Amino acid sequence: MDHLARARELLAVHPVVDGHNDLPWALREQVGYDLDARDIAADQRGLLHTDLNRLRAGGVGGQFWSVYVRTDLTGDAAVSATLEQIDIVAELIARYPTRLRRALTADDLEKARAEGRIASLMGAEGGHSINNSLGTLRALYDLGVRYMTLTHNDNIDWADSATDLPRLGGLSAFGHEVVREMNRVGMLVDLSHVADGVMRDALATSTAPVIFSHSSARAVCDHPRNIPDDVLAALPANGGVAMATFVPKFVLPEAVAWTLAADRNMREHGLHHLDTTPVAMRIHEDFEAAHPRPEATVATIADHLDHMRAVAGIDHIGIGGDYDGTAFTPRGLEDVSGYPNLIAELLRRNWSEGDLAKLTWQNAVRVLRDAEAVARDEQSGRGPSHATIAELDGQRTR
């Protein structure tokens, strides 16, 4: 049986809704948003993980574009940078109208699929993007942002990050209010990057399904960016979806120590460890030549998905590759054209076509539709919250 051909046939009907792609930030860092310099209608191999032809080859039918900004941008600077990220997504959609379609709802996803276009949604990565303001949160929703990752790599005033020293032990009172307001407006609560206490607090507070836009299984690779089994097991009651990521340093145990050394090397060259500019990539390549990198593969990701399905159930898993947000990718999943290789591997492991349709398309569409239903109910009972962090946590805003 030709599993790859069968995978492509399945993706033609049930394309991937990918939870996280950092193309907007890569465009900012590499070319200052000059879309002529990075025309994604042309082949961008060697420069980007993402272009339109490779998205089509990969069977991508829906993409949450990350409107991420670094955590060293704080206050109004973080808000402004987030708006610039939103602006470039709008520019991409306008520039390629036959290939991309703006999507705000589950129905928009279905319409895009019927039209043969890629449904383009947005997710804000890090609560620093709202500068402790529920009004700013609502404004981002009105501009099309449909999820917010509560933290990125560093703690914020109202939530702990998975990769920072614990400060709050979870969500503050204002953090709980942020989750409630996200439920009310219909913005998905994204728990990738957050500390375990925040995961559990958010699940206890949220009346809508949560997502993990790009996180894998901690039982398979013991990294704080991954999801512990008790949280995976809680997803069915919440209705949420955990979207497995492809980042080798999160999915391959052997890669953890190597990555720490590679990140240290980047800092010694005066560069941020998440930098994906051509200069940074050359430094990565030189380091890798001297210190061979442990290599994740398609099978590595399939191992995570096998475990996540066993613990959370097939209705509560998805895919969030994190392309253009990582320097390295697994063999067979080098860029956005690689999704058929993953589906073929899962077919070899006897995943049914029904299960694969849920993984790629149906679960992501369903979770967005469920969040919309919760928002309608919430809005019928209460209006916008104007609570402040000063009132709830006794803190001044930055």
# chains A, B, ... in the order shown; residues from 1 in each chain; ligands from 1
call {"tool": "closest_atom_pairs", "arguments": {"of": "stretch 189-249 of chain A", "to": "stretch 365-375 of chain A", "cutoff": "12 Å", "atoms": "only C-alpha atoms", "output": "JSON lines"}}
result
{"residue": "A:Val189", "atom": "CA", "partner": "A:Ala371", "partner_atom": "CA", "distance": 9.5}
{"residue": "A:Asp190", "atom": "CA", "partner": "A:Val367", "partner_atom": "CA", "distance": 11.8}
{"residue": "A:Ser206", "atom": "CA", "partner": "A:Val374", "partner_atom": "CA", "distance": 10.1}
{"residue": "A:Thr207", "atom": "CA", "partner": "A:Val374", "partner_atom": "CA", "distance": 7.1}
{"residue": "A:Ala208", "atom": "CA", "partner": "A:Ala371", "partner_atom": "CA", "distance": 5.3}
{"residue": "A:Pro209", "atom": "CA", "partner": "A:Val367", "partner_atom": "CA", "distance": 6.3}
{"residue": "A:Val210", "atom": "CA", "partner": "A:Val367", "partner_atom": "CA", "distance": 8.0}
{"residue": "A:Ile211", "atom": "CA", "partner": "A:Val367", "partner_atom": "CA", "distance": 8.1}
{"residue": "A:Phe212", "atom": "CA", "partner": "A:Val367", "partner_atom": "CA", "distance": 11.4}
{"residue": "A:Ser213", "atom": "CA", "partner": "A:Val367", "partner_atom": "CA", "distance": 11.8}
{"residue": "A:Leu235", "atom": "CA", "partner": "A:Val367", "partner_atom": "CA", "distance": 11.4}
{"residue": "A:Pro236", "atom": "CA", "partner": "A:Val367", "partner_atom": "CA", "distance": 11.5}
{"residue": "A:Asn238", "atom": "CA", "partner": "A:Val367", "partner_atom": "CA", "distance": 10.2}
{"residue": "A:Gly239", "atom": "CA", "partner": "A:Val367", "partner_atom": "CA", "distance": 7.2}
{"residue": "A:Gly240", "atom": "CA", "partner": "A:Val367", "partner_atom": "CA", "distance": 6.5}
{"residue": "A:Val241", "atom": "CA", "partner": "A:Val367", "partner_atom": "CA", "distance": 7.1}
{"residue": "A:Ala242", "atom": "CA", "partner": "A:Val367", "partner_atom": "CA", "distance": 10.7}
{"residue": "A:Met243", "atom": "CA", "partner": "A:Val367", "partner_atom": "CA", "distance": 11.8}
call {"tool": "closest_atom_pairs", "arguments": {"of": "stretch 186-267 of chain A", "to": "stretch 167-172 of chain A", "cutoff": "12 Å", "atoms": "only C-alpha atoms", "output": "CSV"}}
result
residue,atom,partner,partner_atom,distance
A:Leu191,CA,A:Gly170,CA,11.7
A:Val194,CA,A:Gly170,CA,8.7
A:Ala195,CA,A:Gly170,CA,6.9
A:Asp196,CA,A:Gly170,CA,7.4
A:Gly197,CA,A:Gly170,CA,4.2
A:Val198,CA,A:Gly170,CA,4.1
A:Met199,CA,A:Gly170,CA,7.7
A:Arg200,CA,A:Gly170,CA,7.8
A:Asp201,CA,A:Leu171,CA,6.3
A:Ala202,CA,A:Leu171,CA,7.5
A:Leu203,CA,A:Leu171,CA,11.0
A:Ala204,CA,A:Leu171,CA,10.8
A:Thr205,CA,A:Leu171,CA,10.0
call {"tool": "write_last_selection", "arguments": {"atoms": "all heavy atoms", "output": "PDB file, in the first residue's frame"}}
result
ATOM      1  N   LEU A 191      -2.670  27.382  25.963  1.00  0.00           N
ATOM      2  CA  LEU A 191      -1.854  27.054  27.124  1.00  0.00           C
ATOM      3  C   LEU A 191      -0.473  26.527  26.762  1.00  0.00           C
ATOM      4  O   LEU A 191       0.236  26.019  27.639  1.00  0.00           O
ATOM      5  CB  LEU A 191      -2.606  26.048  28.012  1.00  0.00           C
ATOM      6  CG  LEU A 191      -3.949  26.561  28.545  1.00  0.00           C
ATOM      7  CD1 LEU A 191      -4.635  25.500  29.386  1.00  0.00           C
ATOM      8  CD2 LEU A 191      -3.760  27.840  29.353  1.00  0.00           C
ATOM      9  N   VAL A 194       2.891  27.904  28.942  1.00  0.00           N
ATOM     10  CA  VAL A 194       2.590  28.294  30.321  1.00  0.00           C
ATOM     11  C   VAL A 194       3.039  27.219  31.304  1.00  0.00           C
ATOM     12  O   VAL A 194       3.194  26.042  30.956  1.00  0.00           O
ATOM     13  CB  VAL A 194       1.086  28.603  30.519  1.00  0.00           C
ATOM     14  CG1 VAL A 194       0.604  29.644  29.519  1.00  0.00           C
ATOM     15  CG2 VAL A 194       0.224  27.342  30.463  1.00  0.00           C
ATOM     16  N   ALA A 195       3.237  27.636  32.558  1.00  0.00           N
ATOM     17  CA  ALA A 195       3.599  26.709  33.625  1.00  0.00           C
ATOM     18  C   ALA A 195       2.437  25.774  33.938  1.00  0.00           C
ATOM     19  O   ALA A 195       1.268  26.074  33.671  1.00  0.00           O
ATOM     20  CB  ALA A 195       3.993  27.503  34.871  1.00  0.00           C
ATOM     21  N   ASP A 196       2.762  24.644  34.558  1.00  0.00           N
ATOM     22  CA  ASP A 196       1.740  23.649  34.864  1.00  0.00           C
ATOM     23  C   ASP A 196       0.614  24.236  35.708  1.00  0.00           C
ATOM     24  O   ASP A 196      -0.565  23.916  35.505  1.00  0.00           O
ATOM     25  CB  ASP A 196       2.356  22.476  35.622  1.00  0.00           C
ATOM     26  CG  ASP A 196       3.339  21.675  34.781  1.00  0.00           C
ATOM     27  OD1 ASP A 196       3.541  22.026  33.598  1.00  0.00           O
ATOM     28  OD2 ASP A 196       3.908  20.700  35.310  1.00  0.00           O
ATOM     29  N   GLY A 197       0.960  25.100  36.664  1.00  0.00           N
ATOM     30  CA  GLY A 197      -0.070  25.692  37.506  1.00  0.00           C
ATOM     31  C   GLY A 197      -1.041  26.543  36.712  1.00  0.00           C
ATOM     32  O   GLY A 197      -2.238  26.584  37.001  1.00  0.00           O
ATOM     33  N   VAL A 198      -0.532  27.234  35.699  1.00  0.00           N
ATOM     34  CA  VAL A 198      -1.402  28.035  34.836  1.00  0.00           C
ATOM     35  C   VAL A 198      -2.308  27.121  34.016  1.00  0.00           C
ATOM     36  O   VAL A 198      -3.491  27.405  33.821  1.00  0.00           O
ATOM     37  CB  VAL A 198      -0.571  28.955  33.929  1.00  0.00           C
ATOM     38  CG1 VAL A 198      -1.456  29.685  32.924  1.00  0.00           C
ATOM     39  CG2 VAL A 198       0.204  29.962  34.776  1.00  0.00           C
ATOM     40  N   MET A 199      -1.752  26.015  33.490  1.00  0.00           N
ATOM     41  CA  MET A 199      -2.590  25.058  32.763  1.00  0.00           C
ATOM     42  C   MET A 199      -3.782  24.642  33.621  1.00  0.00           C
ATOM     43  O   MET A 199      -4.940  24.690  33.177  1.00  0.00           O
ATOM     44  CB  MET A 199      -1.790  23.805  32.407  1.00  0.00           C
ATOM     45  CG  MET A 199      -0.625  23.998  31.478  1.00  0.00           C
ATOM     46  SD  MET A 199       0.209  22.393  31.172  1.00  0.00           S
ATOM     47  CE  MET A 199       1.751  22.943  30.436  1.00  0.00           C
ATOM     48  N   ARG A 200      -3.504  24.247  34.852  1.00  0.00           N
ATOM     49  CA  ARG A 200      -4.567  23.712  35.712  1.00  0.00           C
ATOM     50  C   ARG A 200      -5.534  24.810  36.149  1.00  0.00           C
ATOM     51  O   ARG A 200      -6.749  24.588  36.196  1.00  0.00           O
ATOM     52  CB  ARG A 200      -3.931  22.998  36.903  1.00  0.00           C
ATOM     53  CG  ARG A 200      -3.084  21.798  36.457  1.00  0.00           C
ATOM     54  CD  ARG A 200      -2.401  21.060  37.591  1.00  0.00           C
ATOM     55  NE  ARG A 200      -1.581  19.979  37.057  1.00  0.00           N
ATOM     56  CZ  ARG A 200      -0.254  19.893  37.160  1.00  0.00           C
ATOM     57  NH1 ARG A 200       0.423  20.846  37.816  1.00  0.00           N
ATOM     58  NH2 ARG A 200       0.411  18.881  36.628  1.00  0.00           N
ATOM     59  N   ASP A 201      -5.009  25.998  36.448  1.00  0.00           N
ATOM     60  CA  ASP A 201      -5.889  27.112  36.814  1.00  0.00           C
ATOM     61  C   ASP A 201      -6.801  27.494  35.660  1.00  0.00           C
ATOM     62  O   ASP A 201      -7.996  27.751  35.846  1.00  0.00           O
ATOM     63  CB  ASP A 201      -5.061  28.331  37.228  1.00  0.00           C
ATOM     64  CG  ASP A 201      -4.492  28.235  38.635  1.00  0.00           C
ATOM     65  OD1 ASP A 201      -4.803  27.245  39.329  1.00  0.00           O
ATOM     66  OD2 ASP A 201      -3.743  29.143  39.028  1.00  0.00           O
ATOM     67  N   ALA A 202      -6.243  27.551  34.454  1.00  0.00           N
ATOM     68  CA  ALA A 202      -7.046  27.935  33.294  1.00  0.00           C
ATOM     69  C   ALA A 202      -8.126  26.902  33.004  1.00  0.00           C
ATOM     70  O   ALA A 202      -9.271  27.256  32.686  1.00  0.00           O
ATOM     71  CB  ALA A 202      -6.155  28.126  32.075  1.00  0.00           C
ATOM     72  N   LEU A 203      -7.784  25.638  33.119  1.00  0.00           N
ATOM     73  CA  LEU A 203      -8.785  24.584  32.916  1.00  0.00           C
ATOM     74  C   LEU A 203      -9.896  24.668  33.954  1.00  0.00           C
ATOM     75  O   LEU A 203     -11.069  24.418  33.645  1.00  0.00           O
ATOM     76  CB  LEU A 203      -8.121  23.210  32.962  1.00  0.00           C
ATOM     77  CG  LEU A 203      -7.391  22.789  31.690  1.00  0.00           C
ATOM     78  CD1 LEU A 203      -6.472  21.603  31.972  1.00  0.00           C
ATOM     79  CD2 LEU A 203      -8.391  22.428  30.601  1.00  0.00           C
ATOM     80  N   ALA A 204      -9.542  25.041  35.175  1.00  0.00           N
ATOM     81  CA  ALA A 204     -10.557  25.159  36.229  1.00  0.00           C
ATOM     82  C   ALA A 204     -11.464  26.356  36.005  1.00  0.00           C
ATOM     83  O   ALA A 204     -12.633  26.348  36.424  1.00  0.00           O
ATOM     84  CB  ALA A 204      -9.877  25.263  37.597  1.00  0.00           C
ATOM     85  N   THR A 205     -10.966  27.400  35.358  1.00  0.00           N
ATOM     86  CA  THR A 205     -11.720  28.643  35.187  1.00  0.00           C
ATOM     87  C   THR A 205     -12.478  28.696  33.866  1.00  0.00           C
ATOM     88  O   THR A 205     -13.596  29.225  33.796  1.00  0.00           O
ATOM     89  CB  THR A 205     -10.767  29.850  35.276  1.00  0.00           C
ATOM     90  OG1 THR A 205     -10.195  29.880  36.582  1.00  0.00           O
ATOM     91  CG2 THR A 205     -11.489  31.157  35.011  1.00  0.00           C
TER      92      THR A 205
END
call {"tool": "closest_residue", "arguments": {"among": "A:Ala173, A:Val185, A:Leu47, A:Leu260", "to": "A:Tyr147", "atoms": "only C-alpha atoms"}}
result
A:Val185
call {"tool": "atom_distance", "arguments": {"atom1": "atom CA of A:Lys358", "atom2": "atom CA of A:Gly62"}}
result
13.7 Å
call {"tool": "residues_around", "arguments": {"residues": "A:Trp351", "least_positions_apart": "3", "cutoff": "12 Å", "atoms": "only C-alpha atoms", "output": "JSON list (two decimals) with N, CA, C and O atoms, in the first residue's frame"}}
result
[["chain", "number", "residue", "atom", "x", "y", "z"],
["A", 3, "HIS", "N", 1.29, 4.42, 1.34],
["A", 3, "HIS", "CA", 0.75, 5.24, 2.43],
["A", 3, "HIS", "C", 0.84, 6.72, 2.13],
["A", 3, "HIS", "O", -0.03, 7.50, 2.52],
["A", 7, "ALA", "N", -2.15, 9.30, 2.10],
["A", 7, "ALA", "CA", -2.11, 10.48, 2.97],
["A", 7, "ALA", "C", -2.49, 11.73, 2.19],
["A", 7, "ALA", "O", -3.26, 12.58, 2.68],
["A", 302, "ALA", "N", 5.22, 11.15, 15.58],
["A", 302, "ALA", "CA", 4.16, 10.13, 15.65],
["A", 302, "ALA", "C", 4.12, 9.48, 17.03],
["A", 302, "ALA", "O", 3.03, 9.16, 17.54],
["A", 305, "LEU", "N", 2.11, 11.78, 19.16],
["A", 305, "LEU", "CA", 0.68, 11.72, 18.83],
["A", 305, "LEU", "C", 0.05, 10.42, 19.30],
["A", 305, "LEU", "O", -1.10, 10.41, 19.75],
["A", 306, "ASP", "N", 0.79, 9.31, 19.19],
["A", 306, "ASP", "CA", 0.27, 8.05, 19.73],
["A", 306, "ASP", "C", -0.04, 8.19, 21.22],
["A", 306, "ASP", "O", -1.11, 7.76, 21.70],
["A", 309, "ARG", "N", -3.01, 10.67, 21.87],
["A", 309, "ARG", "CA", -4.30, 10.03, 21.56],
["A", 309, "ARG", "C", -4.69, 9.06, 22.67],
["A", 309, "ARG", "O", -5.86, 9.00, 23.07],
["A", 310, "ALA", "N", -3.72, 8.30, 23.18],
["A", 310, "ALA", "CA", -4.03, 7.31, 24.22],
["A", 310, "ALA", "C", -4.52, 7.98, 25.50],
["A", 310, "ALA", "O", -5.40, 7.44, 26.19],
["A", 314, "ILE", "N", -8.89, 10.75, 20.78],
["A", 314, "ILE", "CA", -8.73, 11.23, 19.42],
["A", 314, "ILE", "C", -9.44, 12.55, 19.16],
["A", 314, "ILE", "O", -9.05, 13.32, 18.28],
["A", 342, "LEU", "N", 3.95, 12.81, 7.78],
["A", 342, "LEU", "CA", 3.44, 12.47, 9.12],
["A", 342, "LEU", "C", 2.17, 11.64, 9.02],
["A", 342, "LEU", "O", 2.02, 10.63, 9.73],
["A", 343, "ILE", "N", 1.25, 12.04, 8.15],
["A", 343, "ILE", "CA", 0.01, 11.28, 8.00],
["A", 343, "ILE", "C", 0.30, 9.87, 7.49],
["A", 343, "ILE", "O", -0.31, 8.89, 7.93],
["A", 344, "ALA", "N", 1.26, 9.75, 6.57],
["A", 344, "ALA", "CA", 1.64, 8.42, 6.07],
["A", 344, "ALA", "C", 2.20, 7.55, 7.19],
["A", 344, "ALA", "O", 1.89, 6.35, 7.28],
["A", 345, "GLU", "N", 3.01, 8.13, 8.07],
["A", 345, "GLU", "CA", 3.55, 7.38, 9.21],
["A", 345, "GLU", "C", 2.42, 6.92, 10.13],
["A", 345, "GLU", "O", 2.43, 5.77, 10.62],
["A", 346, "LEU", "N", 1.44, 7.77, 10.36],
["A", 346, "LEU", "CA", 0.32, 7.37, 11.22],
["A", 346, "LEU", "C", -0.53, 6.30, 10.54],
["A", 346, "LEU", "O", -1.05, 5.39, 11.22],
["A", 347, "LEU", "N", -0.68, 6.36, 9.23],
["A", 347, "LEU", "CA", -1.37, 5.29, 8.51],
["A", 347, "LEU", "C", -0.62, 3.97, 8.68],
["A", 347, "LEU", "O", -1.24, 2.91, 8.88],
["A", 348, "ARG", "N", 0.71, 4.01, 8.63],
["A", 348, "ARG", "CA", 1.50, 2.80, 8.84],
["A", 348, "ARG", "C", 1.30, 2.24, 10.24],
["A", 348, "ARG", "O", 1.45, 1.04, 10.47],
["A", 354, "GLY", "N", -10.77, 8.01, 9.71],
["A", 354, "GLY", "CA", -11.64, 8.82, 10.56],
["A", 354, "GLY", "C", -10.86, 9.53, 11.66],
["A", 354, "GLY", "O", -11.10, 10.72, 11.94],
["A", 355, "ASP", "N", -9.93, 8.80, 12.28],
["A", 355, "ASP", "CA", -9.10, 9.42, 13.32],
["A", 355, "ASP", "C", -8.21, 10.51, 12.73],
["A", 355, "ASP", "O", -8.02, 11.58, 13.33],
["A", 356, "LEU", "N", -7.66, 10.27, 11.55],
["A", 356, "LEU", "CA", -6.78, 11.25, 10.93],
["A", 356, "LEU", "C", -7.54, 12.50, 10.52],
["A", 356, "LEU", "O", -7.02, 13.62, 10.60],
["A", 357, "ALA", "N", -8.78, 12.35, 10.08],
["A", 357, "ALA", "CA", -9.61, 13.52, 9.74],
["A", 357, "ALA", "C", -9.85, 14.38, 10.96],
["A", 357, "ALA", "O", -9.88, 15.62, 10.87],
["A", 358, "LYS", "N", -10.01, 13.76, 12.12],
["A", 358, "LYS", "CA", -10.16, 14.53, 13.36],
["A", 358, "LYS", "C", -8.87, 15.26, 13.69],
["A", 358, "LYS", "O", -8.88, 16.43, 14.06],
["A", 359, "LEU", "N", -7.76, 14.55, 13.57],
["A", 359, "LEU", "CA", -6.46, 15.15, 13.89],
["A", 359, "LEU", "C", -6.18, 16.37, 13.02],
["A", 359, "LEU", "O", -5.74, 17.41, 13.52]]
call {"tool": "select_by_dssp", "arguments": {"residues": "stretch 278-384 of chain A", "states": "helix (DSSP H, G or I)", "output": "ChimeraX atom specification"}}
result
/A:278-290,298-312,314-316,336-348,353-381
call {"tool": "residues_around", "arguments": {"residues": "A:Leu232", "least_positions_apart": "4", "cutoff": "9 Å", "atoms": "only C-alpha atoms", "output": "CSV table (one decimal) with all heavy atoms, in the first residue's frame"}}
result
chain,number,residue,atom,x,y,z
A,217,ALA,N,3.9,15.9,24.2
A,217,ALA,CA,3.7,15.1,25.5
A,217,ALA,C,4.9,15.0,26.3
A,217,ALA,O,6.0,14.5,25.9
A,217,ALA,CB,3.2,13.7,25.1
A,227,ILE,N,3.1,18.9,27.7
A,227,ILE,CA,1.9,18.8,28.5
A,227,ILE,C,2.0,17.5,29.4
A,227,ILE,O,2.2,16.4,28.9
A,227,ILE,CB,0.7,18.7,27.6
A,227,ILE,CG1,0.7,19.7,26.5
A,227,ILE,CG2,-0.6,18.8,28.4
A,227,ILE,CD1,-0.3,19.5,25.4
A,228,PRO,N,1.8,17.7,30.7
A,228,PRO,CA,1.8,16.5,31.6
A,228,PRO,C,0.5,15.7,31.4
A,228,PRO,O,-0.5,16.2,30.9
A,228,PRO,CB,1.9,17.1,33.0
A,228,PRO,CG,1.4,18.5,32.9
A,228,PRO,CD,1.7,18.9,31.5
A,236,PRO,N,-10.7,16.0,27.7
A,236,PRO,CA,-12.1,15.6,27.3
A,236,PRO,C,-13.2,16.4,28.1
A,236,PRO,O,-14.2,16.8,27.5
A,236,PRO,CB,-12.1,14.1,27.6
A,236,PRO,CG,-10.6,13.7,27.4
A,236,PRO,CD,-9.8,14.9,28.0
A,241,VAL,N,-8.2,21.0,22.8
A,241,VAL,CA,-7.4,20.3,21.8
A,241,VAL,C,-5.9,20.6,22.0
A,241,VAL,O,-5.5,21.8,22.2
A,241,VAL,CB,-7.8,20.7,20.4
A,241,VAL,CG1,-6.8,20.1,19.3
A,241,VAL,CG2,-9.2,20.2,20.0
A,242,ALA,N,-5.1,19.6,22.1
A,242,ALA,CA,-3.6,19.7,22.2
A,242,ALA,C,-3.0,19.4,20.9
A,242,ALA,O,-3.2,18.3,20.3
A,242,ALA,CB,-3.1,18.7,23.3
A,308,MET,N,-0.5,11.0,23.0
A,308,MET,CA,-1.5,12.0,23.2
A,308,MET,C,-2.9,11.5,22.9
A,308,MET,O,-3.9,11.7,23.6
A,308,MET,CB,-1.2,13.3,22.4
A,308,MET,CG,0.0,14.0,22.9
A,308,MET,SD,0.7,15.2,21.7
A,308,MET,CE,-0.5,16.5,21.9
A,311,VAL,N,-4.0,9.1,25.8
A,311,VAL,CA,-4.3,9.8,27.1
A,311,VAL,C,-5.5,10.7,27.0
A,311,VAL,O,-6.4,10.7,27.8
A,311,VAL,CB,-3.1,10.5,27.7
A,311,VAL,CG1,-3.4,11.3,29.0
A,311,VAL,CG2,-1.9,9.6,27.9
A,312,ALA,N,-5.5,11.6,26.0
A,312,ALA,CA,-6.5,12.6,25.8
A,312,ALA,C,-7.7,12.1,25.0
A,312,ALA,O,-8.8,12.6,25.1
A,312,ALA,CB,-6.0,13.9,25.2
A,313,GLY,N,-7.5,11.2,24.1
A,313,GLY,CA,-8.5,10.7,23.1
A,313,GLY,C,-8.4,11.4,21.8
A,313,GLY,O,-7.9,12.5,21.7
A,316,HIS,N,-9.3,15.2,20.9
A,316,HIS,CA,-8.7,16.2,21.6
A,316,HIS,C,-7.2,16.5,21.2
A,316,HIS,O,-6.4,17.0,22.0
A,316,HIS,CB,-8.9,16.0,23.1
A,316,HIS,CG,-10.3,15.9,23.5
A,316,HIS,ND1,-11.2,16.9,23.5
A,316,HIS,CD2,-11.0,14.7,23.7
A,316,HIS,CE1,-12.4,16.5,23.8
A,316,HIS,NE2,-12.3,15.2,23.9
call {"tool": "residues_around", "arguments": {"residues": "stretch 245-252 of chain A", "least_positions_apart": "3", "cutoff": "9 Å", "atoms": "only C-alpha atoms", "output": "ChimeraX atom specification"}}
result
/A:19-20,213-218,220-226,255-260,294-298,300-301,304,319-323,325-330,333
call {"tool": "residues_around", "arguments": {"residues": "A:Ala387", "least_positions_apart": "3", "cutoff": "9 Å", "atoms": "only C-alpha atoms", "output": "list of chain:residue names"}}
result
A:Ser133, A:Leu134, A:Phe174, A:Glu177, A:Ala390, A:Glu391, A:Leu392
call {"tool": "residues_around", "arguments": {"residues": "A:Trp65", "least_positions_apart": "4", "cutoff": "7 Å", "atoms": "only C-alpha atoms", "output": "VMD selection string"}}
result
chain A and resid 20 to 22 120 to 123
call {"tool": "write_last_selection", "arguments": {"atoms": "all heavy atoms", "output": "compact mmCIF listing (two decimals), in the first residue's frame"}}
result
# COMPACT_ATOMS: atom_id res chain seq x y z
N HIS A 20 0.09 26.80 14.65
CA HIS A 20 1.09 27.84 14.97
C HIS A 20 2.15 27.90 13.89
O HIS A 20 2.88 26.94 13.65
CB HIS A 20 1.76 27.53 16.31
CG HIS A 20 2.52 28.69 16.87
ND1 HIS A 20 1.94 29.64 17.68
CD2 HIS A 20 3.81 29.04 16.75
CE1 HIS A 20 2.85 30.54 18.03
NE2 HIS A 20 3.99 30.20 17.48
N ASN A 21 2.28 29.06 13.24
CA ASN A 21 3.32 29.32 12.27
C ASN A 21 3.82 30.75 12.47
O ASN A 21 3.02 31.68 12.51
CB ASN A 21 2.78 29.13 10.84
CG ASN A 21 3.84 29.31 9.78
OD1 ASN A 21 4.49 30.34 9.68
ND2 ASN A 21 4.01 28.29 8.94
N ASP A 22 5.13 30.90 12.60
CA ASP A 22 5.73 32.20 12.93
C ASP A 22 6.21 32.98 11.72
O ASP A 22 7.09 33.85 11.84
CB ASP A 22 6.90 31.99 13.90
CG ASP A 22 6.46 31.88 15.34
OD1 ASP A 22 5.85 32.84 15.84
OD2 ASP A 22 6.71 30.84 15.96
N SER A 120 -6.97 31.68 6.93
CA SER A 120 -5.90 32.36 7.66
C SER A 120 -6.47 33.01 8.92
O SER A 120 -7.24 33.97 8.85
CB SER A 120 -5.24 33.41 6.77
OG SER A 120 -4.53 32.76 5.72
N LEU A 121 -6.07 32.46 10.06
CA LEU A 121 -6.47 32.96 11.37
C LEU A 121 -5.22 33.51 12.06
O LEU A 121 -4.11 33.34 11.58
CB LEU A 121 -7.11 31.86 12.21
CG LEU A 121 -8.26 31.08 11.57
CD1 LEU A 121 -7.76 29.74 11.02
CD2 LEU A 121 -9.40 30.85 12.56
N MET A 122 -5.42 34.13 13.21
CA MET A 122 -4.29 34.68 13.95
C MET A 122 -4.35 34.27 15.42
O MET A 122 -5.43 34.17 16.01
CB MET A 122 -4.28 36.22 13.87
CG MET A 122 -3.92 36.76 12.51
SD MET A 122 -3.85 38.58 12.47
CE MET A 122 -5.60 38.97 12.54
N GLY A 123 -3.16 34.06 15.98
CA GLY A 123 -3.03 33.82 17.40
C GLY A 123 -1.95 34.72 17.98
O GLY A 123 -0.84 34.79 17.43
call {"tool": "closest_residue", "arguments": {"among": "A:His152, A:Arg349, A:Lys111, A:Arg8", "to": "A:Ser129", "atoms": "only C-alpha atoms"}}
result
A:His152
call {"tool": "atom_distance", "arguments": {"atom1": "atom CA of A:Ile118", "atom2": "atom CA of A:Ile93"}}
result
9.7 Å
call {"tool": "closest_residue", "arguments": {"among": "A:Ile317, A:Pro340, A:Glu110, A:Arg180", "to": "A:Gly383", "atoms": "only C-alpha atoms"}}
result
A:Arg180
call {"tool": "select_by_dssp", "arguments": {"residues": "stretch 46-270 of chain A", "states": "strand (DSSP E)", "output": "PyMOL selection string"}}
result
chain A and resi 60-66+100-102+118-125+145-149+188-190+210-212+241-244
call {"tool": "closest_residue", "arguments": {"among": "A:Gly135, A:Gly75, A:Pro166, A:Gly59", "to": "A:Gly116", "atoms": "only C-alpha atoms"}}
result
A:Gly59
call {"tool": "closest_residue", "arguments": {"among": "A:His176, A:Ile283, A:Thr360, A:Leu27", "to": "A:Glu268", "atoms": "only C-alpha atoms"}}
result
A:Ile283
call {"tool": "decode", "arguments": {"residues": "stretch 138-144 of chain A", "atoms": "N, CA, C and O atoms", "output": "mmCIF file, in the first residue's frame"}}
result
data_model
loop_
_atom_site.group_PDB
_atom_site.id
_atom_site.type_symbol
_atom_site.label_atom_id
_atom_site.label_comp_id
_atom_site.auth_asym_id
_atom_site.auth_seq_id
_atom_site.Cartn_x
_atom_site.Cartn_y
_atom_site.Cartn_z
ATOM 1 N N ARG A 138 -9.830 42.894 23.966
ATOM 2 C CA ARG A 138 -11.018 42.952 23.101
ATOM 3 C C ARG A 138 -10.680 43.571 21.747
ATOM 4 O O ARG A 138 -11.203 43.143 20.709
ATOM 5 N N ALA A 139 -9.802 44.559 21.746
ATOM 6 C CA ALA A 139 -9.407 45.180 20.481
ATOM 7 C C ALA A 139 -8.685 44.175 19.580
ATOM 8 O O ALA A 139 -8.906 44.144 18.360
ATOM 9 N N LEU A 140 -7.823 43.336 20.172
ATOM 10 C CA LEU A 140 -7.155 42.317 19.374
ATOM 11 C C LEU A 140 -8.164 41.333 18.791
ATOM 12 O O LEU A 140 -8.040 40.918 17.623
ATOM 13 N N TYR A 141 -9.163 40.970 19.585
ATOM 14 C CA TYR A 141 -10.204 40.088 19.054
ATOM 15 C C TYR A 141 -10.911 40.752 17.873
ATOM 16 O O TYR A 141 -11.144 40.114 16.830
ATOM 17 N N ASP A 142 -11.241 42.023 18.018
ATOM 18 C CA ASP A 142 -11.945 42.733 16.936
ATOM 19 C C ASP A 142 -11.087 42.810 15.675
ATOM 20 O O ASP A 142 -11.621 42.893 14.560
ATOM 21 N N LEU A 143 -9.764 42.778 15.831
ATOM 22 C CA LEU A 143 -8.858 42.801 14.682
ATOM 23 C C LEU A 143 -8.634 41.413 14.082
ATOM 24 O O LEU A 143 -7.918 41.290 13.082
ATOM 25 N N GLY A 144 -9.229 40.400 14.693
ATOM 26 C CA GLY A 144 -9.169 39.067 14.112
ATOM 27 C C GLY A 144 -8.389 38.033 14.882
ATOM 28 O O GLY A 144 -8.301 36.879 14.450
#
